$ cat entry-v9.txt   # compact mmCIF, C-alpha atoms
# COMPACT_ATOMS: atom_id res chain seq x y z
CA MET A 1 191.07 187.91 -6.96
CA THR A 2 190.14 190.40 -9.65
CA SER A 3 188.08 189.79 -12.74
CA PRO A 4 188.79 190.71 -16.35
CA THR A 5 186.22 193.52 -16.09
CA ASP A 6 187.92 195.25 -13.16
CA LYS A 7 189.13 198.79 -13.80
CA GLN A 8 192.58 199.33 -15.20
CA ASN A 9 195.47 200.80 -13.28
CA ASP A 10 197.07 204.17 -14.04
CA GLY A 11 199.38 202.58 -16.58
CA GLY A 12 196.48 201.51 -18.76
CA VAL A 13 197.23 197.80 -18.25
CA PRO A 14 194.59 195.44 -16.77
CA LEU A 15 195.24 194.40 -13.19
CA PRO A 16 196.55 190.84 -12.77
CA VAL A 17 194.01 188.05 -13.15
CA VAL A 18 194.43 184.31 -13.05
CA PRO A 19 193.68 183.09 -16.59
CA VAL A 20 191.26 180.29 -17.16
CA GLY A 21 192.99 176.92 -17.19
CA ALA A 22 196.07 178.10 -15.34
CA SER A 23 197.49 176.05 -12.51
CA SER A 24 198.65 178.97 -10.40
CA GLY A 25 201.37 178.07 -7.94
CA ALA A 26 201.98 174.68 -9.50
CA PRO A 27 205.47 173.62 -10.56
CA ALA A 28 206.43 173.95 -14.19
CA GLU A 29 204.41 171.59 -16.35
CA LEU A 30 205.93 169.33 -18.95
CA PRO A 31 204.64 169.31 -22.52
CA PRO A 32 201.85 166.80 -23.16
CA ALA A 33 202.84 163.19 -23.75
CA SER A 34 202.11 163.35 -27.45
CA PRO A 35 204.30 163.06 -30.54
CA ALA A 36 206.71 165.94 -31.08
CA GLY A 37 205.62 168.51 -33.61
CA ARG A 38 202.31 169.43 -31.99
CA GLY A 39 201.61 173.10 -31.37
CA MET A 40 199.54 175.41 -29.17
CA PHE A 41 196.00 176.22 -28.12
CA GLY A 42 194.05 173.21 -29.34
CA ASN A 43 194.06 174.03 -33.05
CA HIS A 44 194.68 171.44 -35.74
CA GLY A 45 196.55 171.72 -39.00
CA THR A 46 199.93 173.13 -39.94
CA GLY A 47 201.75 176.14 -38.59
CA ASP A 48 203.06 176.28 -35.07
CA VAL A 49 206.20 174.20 -34.44
CA SER A 50 206.75 174.88 -30.74
CA GLY A 51 205.72 171.36 -29.68
CA TYR A 52 203.39 172.30 -26.83
CA GLY A 53 199.78 171.98 -27.93
CA GLY A 54 197.33 171.04 -30.64
CA LEU A 55 198.71 172.29 -33.94
CA VAL A 56 200.16 169.51 -36.05
CA ARG A 57 202.75 170.01 -38.77
CA GLN A 58 203.53 167.51 -41.46
CA ARG A 59 206.88 165.76 -41.21
CA HIS A 60 208.79 165.28 -44.44
CA PRO A 61 211.13 162.29 -44.33
CA VAL A 62 214.76 163.14 -44.99
CA GLU A 63 215.95 160.63 -47.54
CA GLU A 64 219.39 160.10 -49.00
CA ALA A 65 219.81 161.82 -52.34
CA SER A 66 220.75 159.96 -55.49
CA ARG A 67 223.33 161.18 -57.96
CA PRO A 68 223.70 163.41 -59.81
CA TYR A 69 222.93 165.95 -57.10
CA GLY A 70 223.27 168.96 -59.37
CA GLY A 71 225.34 172.12 -59.22
CA TYR A 72 228.64 171.90 -57.36
CA PHE A 73 227.31 169.28 -54.91
CA ASP A 74 228.77 166.35 -56.87
CA GLU A 75 232.17 168.05 -57.00
CA VAL A 76 232.19 168.60 -53.22
CA ARG A 77 231.30 164.98 -52.51
CA ASP A 78 233.89 163.65 -54.97
CA ALA A 79 236.62 165.93 -53.60
CA LEU A 80 235.91 164.88 -50.01
CA GLU A 81 235.78 161.19 -50.94
CA GLU A 82 239.14 161.49 -52.70
CA ALA A 83 240.83 163.48 -49.93
CA TYR A 84 239.43 161.52 -46.98
CA PRO A 85 240.08 157.74 -47.05
CA ALA A 86 237.59 157.11 -44.23
CA PHE A 87 234.74 158.70 -46.23
CA GLY A 88 232.69 155.49 -46.40
CA ASP A 89 232.82 154.99 -42.65
CA ALA A 90 232.40 158.64 -41.66
CA ILE A 91 229.55 159.79 -43.91
CA GLU A 92 226.22 158.22 -42.98
CA LYS A 93 224.25 159.74 -45.85
CA VAL A 94 224.17 162.65 -48.28
CA VAL A 95 221.00 164.72 -48.45
CA VAL A 96 220.04 167.43 -50.95
CA ASP A 97 217.00 169.36 -49.78
CA ARG A 98 215.75 172.91 -50.39
CA GLY A 99 218.83 173.75 -52.41
CA GLU A 100 221.27 172.70 -49.68
CA LEU A 101 223.83 169.90 -49.52
CA THR A 102 223.97 168.17 -46.13
CA LEU A 103 226.56 165.55 -45.21
CA HIS A 104 225.42 163.48 -42.23
CA VAL A 105 228.59 162.61 -40.33
CA ARG A 106 229.24 160.06 -37.61
CA PRO A 107 229.74 162.16 -34.47
CA GLU A 108 233.15 160.70 -33.60
CA ARG A 109 234.42 161.70 -37.06
CA ILE A 110 233.17 165.30 -37.20
CA ALA A 111 236.49 166.97 -36.35
CA GLU A 112 238.35 164.88 -38.92
CA VAL A 113 235.83 165.75 -41.63
CA CYS A 114 236.02 169.46 -40.77
CA GLN A 115 239.82 169.34 -40.98
CA VAL A 116 239.67 167.89 -44.50
CA MET A 117 236.90 170.27 -45.55
CA ARG A 118 239.07 173.21 -44.51
CA ASP A 119 242.51 172.11 -45.72
CA ASP A 120 241.99 170.22 -48.98
CA LEU A 121 242.77 172.44 -51.95
CA ALA A 122 239.73 171.20 -53.88
CA LEU A 123 237.38 172.01 -50.98
CA ARG A 124 238.75 175.02 -49.06
CA PHE A 125 235.82 175.54 -46.66
CA GLU A 126 237.69 178.12 -44.63
CA LEU A 127 234.79 179.48 -42.57
CA CYS A 128 232.47 177.81 -40.07
CA SER A 129 229.74 180.44 -39.78
CA SER A 130 227.48 178.56 -37.37
CA VAL A 131 227.29 175.61 -34.98
CA SER A 132 223.77 175.05 -33.71
CA GLY A 133 221.68 172.37 -32.04
CA ALA A 134 218.29 170.80 -32.75
CA ASP A 135 216.12 168.38 -30.80
CA TYR A 136 214.21 165.80 -32.86
CA LEU A 137 212.18 164.46 -29.95
CA GLY A 138 209.95 161.62 -31.10
CA ALA A 139 211.48 161.50 -34.57
CA ASP A 140 215.01 160.17 -34.02
CA GLU A 141 216.48 157.92 -31.34
CA ARG A 142 219.60 160.07 -31.57
CA ARG A 143 217.45 163.12 -31.06
CA LEU A 144 220.15 165.77 -30.45
CA HIS A 145 221.61 167.00 -33.73
CA VAL A 146 224.49 169.42 -34.25
CA ILE A 147 224.50 171.42 -37.49
CA TYR A 148 227.65 173.03 -38.90
CA LEU A 149 227.39 175.61 -41.69
CA LEU A 150 230.62 175.78 -43.69
CA THR A 151 231.50 178.34 -46.35
CA SER A 152 234.23 178.23 -48.97
CA MET A 153 235.23 181.82 -49.63
CA THR A 154 237.66 180.57 -52.29
CA TYR A 155 235.02 178.81 -54.39
CA ARG A 156 231.92 180.64 -53.07
CA ARG A 157 230.23 177.44 -51.95
CA ARG A 158 228.27 176.35 -48.89
CA VAL A 159 227.69 172.98 -47.28
CA ARG A 160 225.99 171.70 -44.13
CA LEU A 161 227.43 169.02 -41.86
CA GLU A 162 225.11 167.31 -39.40
CA ALA A 163 225.94 164.91 -36.57
CA ALA A 164 223.45 163.19 -34.28
CA VAL A 165 223.94 162.02 -30.67
CA SER A 166 221.64 160.53 -28.07
CA VAL A 167 220.57 162.10 -24.76
CA GLU A 168 222.23 159.20 -22.95
CA ALA A 169 225.60 159.80 -24.68
CA PRO A 170 225.59 163.40 -25.94
CA HIS A 171 229.31 163.54 -26.77
CA LEU A 172 231.22 164.46 -29.93
CA PRO A 173 234.60 166.07 -30.57
CA SER A 174 234.97 169.84 -30.50
CA VAL A 175 235.94 171.49 -33.79
CA THR A 176 237.43 174.61 -32.15
CA ALA A 177 240.96 173.51 -33.10
CA VAL A 178 239.87 173.59 -36.76
CA TYR A 179 237.42 176.50 -36.63
CA PRO A 180 238.05 178.90 -33.70
CA THR A 181 234.72 180.58 -34.47
CA ALA A 182 233.01 177.47 -33.07
CA ASP A 183 234.14 178.30 -29.51
CA TRP A 184 231.14 180.28 -28.24
CA GLN A 185 228.76 178.50 -30.61
CA GLU A 186 229.59 175.12 -29.09
CA ARG A 187 229.16 176.63 -25.63
CA GLU A 188 225.66 177.77 -26.60
CA ALA A 189 224.73 174.32 -27.94
CA TYR A 190 226.01 172.83 -24.69
CA ASP A 191 224.06 175.35 -22.60
CA MET A 192 220.77 175.04 -24.48
CA PHE A 193 220.80 171.35 -25.48
CA GLY A 194 223.29 169.63 -23.17
CA ILE A 195 225.51 168.51 -26.05
CA VAL A 196 229.05 167.89 -24.77
CA PHE A 197 231.92 168.87 -27.08
CA ASP A 198 234.93 166.87 -25.93
CA GLY A 199 238.17 168.82 -26.14
CA HIS A 200 236.55 172.27 -25.97
CA PRO A 201 238.90 174.69 -24.17
CA SER A 202 236.24 175.95 -21.73
CA LEU A 203 232.87 174.25 -22.07
CA THR A 204 230.78 176.33 -19.64
CA ARG A 205 227.35 177.90 -19.88
CA ILE A 206 227.14 181.08 -21.91
CA LEU A 207 223.50 182.21 -21.63
CA MET A 208 222.14 180.65 -18.45
CA PRO A 209 223.66 181.03 -14.94
CA ASP A 210 226.37 178.54 -14.07
CA ASP A 211 224.15 176.82 -11.48
CA TRP A 212 221.15 176.46 -13.83
CA GLU A 213 219.66 172.98 -13.99
CA GLY A 214 218.66 171.50 -17.32
CA HIS A 215 218.91 172.66 -20.93
CA PRO A 216 216.09 175.03 -21.98
CA GLN A 217 215.85 174.27 -25.70
CA ARG A 218 215.28 170.56 -25.31
CA LYS A 219 211.69 169.83 -26.28
CA ASP A 220 210.93 168.02 -23.02
CA TYR A 221 212.10 170.94 -20.90
CA PRO A 222 209.46 172.39 -18.51
CA LEU A 223 207.59 175.51 -19.59
CA GLY A 224 207.92 177.41 -16.30
CA GLY A 225 209.64 180.75 -15.95
CA VAL A 226 209.63 183.75 -13.64
CA PRO A 227 206.90 186.41 -13.28
CA VAL A 228 207.65 189.81 -14.86
CA GLU A 229 206.28 193.15 -13.67
CA TYR A 230 205.50 195.63 -16.45
CA LYS A 231 203.76 198.98 -15.91
CA GLY A 232 202.29 197.82 -12.65
CA ALA A 233 200.91 194.53 -14.00
CA GLU A 234 202.47 191.16 -13.29
CA ILE A 235 202.88 188.83 -16.25
CA GLN A 236 202.78 185.24 -15.08
CA PRO A 237 205.30 182.55 -16.11
CA PRO A 238 204.21 180.53 -19.17
CA ASN A 239 203.13 177.49 -17.17
CA GLU A 240 200.73 179.64 -15.13
CA ARG A 241 199.17 181.47 -18.07
CA ARG A 242 197.64 178.36 -19.60
CA SER A 243 197.80 174.69 -18.67
CA TYR A 244 198.96 173.59 -22.19
CA GLN A 245 197.32 170.27 -21.43

$ encode --input "entry-v9.txt" --output "structure tokens"
Amino acid sequence: MTSPTDKQNDGGVPLPVVPVGASSGAPAELPPASPAGRGMFGNHGTGDVSGYGGLVRQRHPVEEASRPYGGYFDEVRDALEEAYPAFGDAIEKVVVDRGELTLHVRPERIAEVCQVMRDDLALRFELCSSVSGADYLGADERRLHVIYLLTSMTYRRRVRLEAAVSVEAPHLPSVTAVYPTADWQEREAYDMFGIVFDGHPSLTRILMPDDWEGHPQRKDYPLGGVPVEYKGAEIQPPNERRSYQ
């Protein structure tokens, strides 16, 4: 065992030491059993959003917007409601926040809504630029959310679609038949969050090895990793650097 005051190696990097509070050799530790949204290193206040320590950020409730929404948002909602007879059943709520229009969609209806958003002449959202996941651990029973960013190049408009599923039933239809650009993006959401896109042509991992267990961007995923050697010094996995407890 070396101490922090030991001489440095030829690379100018301190020799490996076991940091105070580390549980060297222990299996990966889970985040503390506290509400999601807490941050690192025992501090209090706003800032860090990693979910693994003492920083606390304020949660702003997402409430349904009332009309008029402003800008082109009313026109988009009206056009979708006119073109899609199942609007009342498919759209859970409409939110306007930070200058963005978000339509919260029932997961089983997401492909239908995307089809109308793309094909209706009054909407013409031809491009799906992103499909991403989010984990609202401790804030929503259906904690796994999928966010779709759609762009109308015809009318120069943008809209967000959001669908929520539970960890116990993380299924919703794939939109690759409507937006081929969603192919690899849905694979990434599956890999990182374990969200299953039914009907995807090849729903396999895209970042992690095929035999990897678990989904690394879920907020209850263990912190452990693998040690890395850099200029003669070994950098410990996150769970061995600090206990985070």

$ closest_residue --input "entry-v9.txt" --among "A:Pro180, A:Ala90, A:Leu123, A:Gly214" --to "A:Asp74" --atoms "only C-alpha atoms"
A:Leu123

$ residues_around --input "entry-v9.txt" --residues "A:Arg98" --least-positions-apart "5" --cutoff "12 Å" --atoms "only C-alpha atoms" --output "JSON, numbers by chain"
{"A": [60, 62, 65]}

$ residues_around --input "entry-v9.txt" --residues "stretch 152-159 of chain A" --least-positions-apart "4" --cutoff "6 Å" --atoms "all atoms listed in the file" --output "CSV table (one decimal) with C-alpha atoms, in the frame of the given file"
chain,number,residue,atom,x,y,z
A,101,LEU,CA,223.8,169.9,-49.5
A,124,ARG,CA,238.8,175.0,-49.1
A,125,PHE,CA,235.8,175.5,-46.7
A,126,GLU,CA,237.7,178.1,-44.6

$ atom_distance --input "entry-v9.txt" --atom1 "atom CA of A:Pro227" --atom2 "atom CA of A:Gln185"
29.0 Å

$ closest_residue --input "entry-v9.txt" --among "A:Ala163, A:Val131, A:Val95, A:Ile195" --to "A:Ile110" --atoms "all atoms listed in the file"
A:Ala163

$ atom_distance --input "entry-v9.txt" --atom1 "atom CA of A:Asp191" --atom2 "atom CA of A:Ala164"
16.9 Å

$ residues_around --input "entry-v9.txt" --residues "A:Ser132" --least-positions-apart "5" --cutoff "6 Å" --atoms "only C-alpha atoms" --output "JSON, numbers by chain"
{"A": [146, 147, 189]}

$ closest_residue --input "entry-v9.txt" --among "A:Thr204, A:Thr181, A:Ala122, A:Arg106" --to "A:Arg77" --atoms "all atoms listed in the file"
A:Ala122

$ atom_distance --input "entry-v9.txt" --atom1 "atom CA of A:Trp184" --atom2 "atom CA of A:Leu161"
18.1 Å

$ closest_residue --input "entry-v9.txt" --among "A:Asp211, A:Asp135, A:Glu64, A:Asp119" --to "A:Tyr179" --atoms "all atoms listed in the file"
A:Asp119

$ build_atoms --input "entry-v9.txt" --residues "stretch 189-200 of chain A" --atoms "all heavy atoms" --output "JSON list (two decimals), in the frame of the given file"
[["chain", "number", "residue", "atom", "x", "y", "z"],
["A", 189, "ALA", "N", 225.38, 175.61, -27.73],
["A", 189, "ALA", "CA", 224.73, 174.32, -27.94],
["A", 189, "ALA", "C", 224.79, 173.46, -26.69],
["A", 189, "ALA", "O", 223.85, 172.72, -26.37],
["A", 189, "ALA", "CB", 225.36, 173.59, -29.12],
["A", 190, "TYR", "N", 225.90, 173.54, -25.96],
["A", 190, "TYR", "CA", 226.01, 172.83, -24.69],
["A", 190, "TYR", "C", 225.01, 173.39, -23.68],
["A", 190, "TYR", "O", 224.30, 172.63, -22.99],
["A", 190, "TYR", "CB", 227.43, 172.95, -24.15],
["A", 190, "TYR", "CG", 227.54, 172.61, -22.68],
["A", 190, "TYR", "CD1", 227.41, 171.30, -22.23],
["A", 190, "TYR", "CD2", 227.74, 173.62, -21.73],
["A", 190, "TYR", "CE1", 227.49, 171.00, -20.88],
["A", 190, "TYR", "CE2", 227.82, 173.33, -20.38],
["A", 190, "TYR", "CZ", 227.69, 172.02, -19.96],
["A", 190, "TYR", "OH", 227.76, 171.73, -18.63],
["A", 191, "ASP", "N", 224.94, 174.70, -23.57],
["A", 191, "ASP", "CA", 224.06, 175.35, -22.60],
["A", 191, "ASP", "C", 222.60, 175.04, -22.87],
["A", 191, "ASP", "O", 221.83, 174.67, -21.97],
["A", 191, "ASP", "CB", 224.31, 176.86, -22.66],
["A", 191, "ASP", "CG", 223.74, 177.60, -21.46],
["A", 191, "ASP", "OD1", 223.10, 176.97, -20.60],
["A", 191, "ASP", "OD2", 223.94, 178.83, -21.37],
["A", 192, "MET", "N", 222.18, 175.17, -24.13],
["A", 192, "MET", "CA", 220.77, 175.04, -24.48],
["A", 192, "MET", "C", 220.31, 173.59, -24.67],
["A", 192, "MET", "O", 219.16, 173.26, -24.39],
["A", 192, "MET", "CB", 220.47, 175.83, -25.76],
["A", 192, "MET", "CG", 220.66, 177.34, -25.63],
["A", 192, "MET", "SD", 219.39, 178.12, -24.58],
["A", 192, "MET", "CE", 220.32, 178.37, -23.07],
["A", 193, "PHE", "N", 221.20, 172.72, -25.15],
["A", 193, "PHE", "CA", 220.80, 171.35, -25.48],
["A", 193, "PHE", "C", 221.51, 170.28, -24.67],
["A", 193, "PHE", "O", 221.14, 169.11, -24.76],
["A", 193, "PHE", "CB", 221.04, 171.09, -26.97],
["A", 193, "PHE", "CG", 220.16, 171.88, -27.89],
["A", 193, "PHE", "CD1", 220.58, 173.09, -28.40],
["A", 193, "PHE", "CD2", 218.89, 171.42, -28.24],
["A", 193, "PHE", "CE1", 219.78, 173.83, -29.25],
["A", 193, "PHE", "CE2", 218.07, 172.15, -29.08],
["A", 193, "PHE", "CZ", 218.51, 173.37, -29.58],
["A", 194, "GLY", "N", 222.56, 170.63, -23.94],
["A", 194, "GLY", "CA", 223.29, 169.63, -23.17],
["A", 194, "GLY", "C", 224.18, 168.76, -24.01],
["A", 194, "GLY", "O", 224.54, 167.66, -23.61],
["A", 195, "ILE", "N", 224.60, 169.25, -25.19],
["A", 195, "ILE", "CA", 225.51, 168.51, -26.05],
["A", 195, "ILE", "C", 226.94, 168.79, -25.58],
["A", 195, "ILE", "O", 227.34, 169.96, -25.45],
["A", 195, "ILE", "CB", 225.33, 168.92, -27.52],
["A", 195, "ILE", "CG1", 223.89, 168.61, -27.97],
["A", 195, "ILE", "CG2", 226.33, 168.20, -28.41],
["A", 195, "ILE", "CD1", 223.51, 169.26, -29.29],
["A", 196, "VAL", "N", 227.70, 167.75, -25.34],
["A", 196, "VAL", "CA", 229.05, 167.89, -24.77],
["A", 196, "VAL", "C", 230.08, 167.78, -25.89],
["A", 196, "VAL", "O", 230.15, 166.76, -26.58],
["A", 196, "VAL", "CB", 229.31, 166.82, -23.69],
["A", 196, "VAL", "CG1", 230.71, 166.97, -23.12],
["A", 196, "VAL", "CG2", 228.26, 166.91, -22.59],
["A", 197, "PHE", "N", 230.89, 168.83, -26.04],
["A", 197, "PHE", "CA", 231.92, 168.87, -27.08],
["A", 197, "PHE", "C", 233.26, 168.55, -26.43],
["A", 197, "PHE", "O", 233.88, 169.41, -25.80],
["A", 197, "PHE", "CB", 231.93, 170.24, -27.76],
["A", 197, "PHE", "CG", 230.66, 170.55, -28.48],
["A", 197, "PHE", "CD1", 229.61, 171.19, -27.83],
["A", 197, "PHE", "CD2", 230.49, 170.19, -29.81],
["A", 197, "PHE", "CE1", 228.42, 171.47, -28.49],
["A", 197, "PHE", "CE2", 229.30, 170.47, -30.48],
["A", 197, "PHE", "CZ", 228.26, 171.11, -29.83],
["A", 198, "ASP", "N", 233.68, 167.32, -26.56],
["A", 198, "ASP", "CA", 234.93, 166.87, -25.93],
["A", 198, "ASP", "C", 236.12, 167.60, -26.54],
["A", 198, "ASP", "O", 236.25, 167.70, -27.77],
["A", 198, "ASP", "CB", 235.11, 165.36, -26.11],
["A", 198, "ASP", "CG", 234.00, 164.56, -25.42],
["A", 198, "ASP", "OD1", 233.54, 165.00, -24.35],
["A", 198, "ASP", "OD2", 233.60, 163.51, -25.97],
["A", 199, "GLY", "N", 237.01, 168.10, -25.68],
["A", 199, "GLY", "CA", 238.17, 168.82, -26.14],
["A", 199, "GLY", "C", 237.97, 170.32, -26.25],
["A", 199, "GLY", "O", 238.91, 171.04, -26.61],
["A", 200, "HIS", "N", 236.79, 170.81, -25.95],
["A", 200, "HIS", "CA", 236.55, 172.27, -25.97],
["A", 200, "HIS", "C", 237.40, 172.92, -24.88],
["A", 200, "HIS", "O", 237.52, 172.40, -23.77],
["A", 200, "HIS", "CB", 235.07, 172.57, -25.75],
["A", 200, "HIS", "CG", 234.71, 174.00, -25.95],
["A", 200, "HIS", "ND1", 234.97, 174.98, -25.02],
["A", 200, "HIS", "CD2", 234.11, 174.63, -27.00],
["A", 200, "HIS", "CE1", 234.53, 176.15, -25.48],
["A", 200, "HIS", "NE2", 234.01, 175.96, -26.67]]
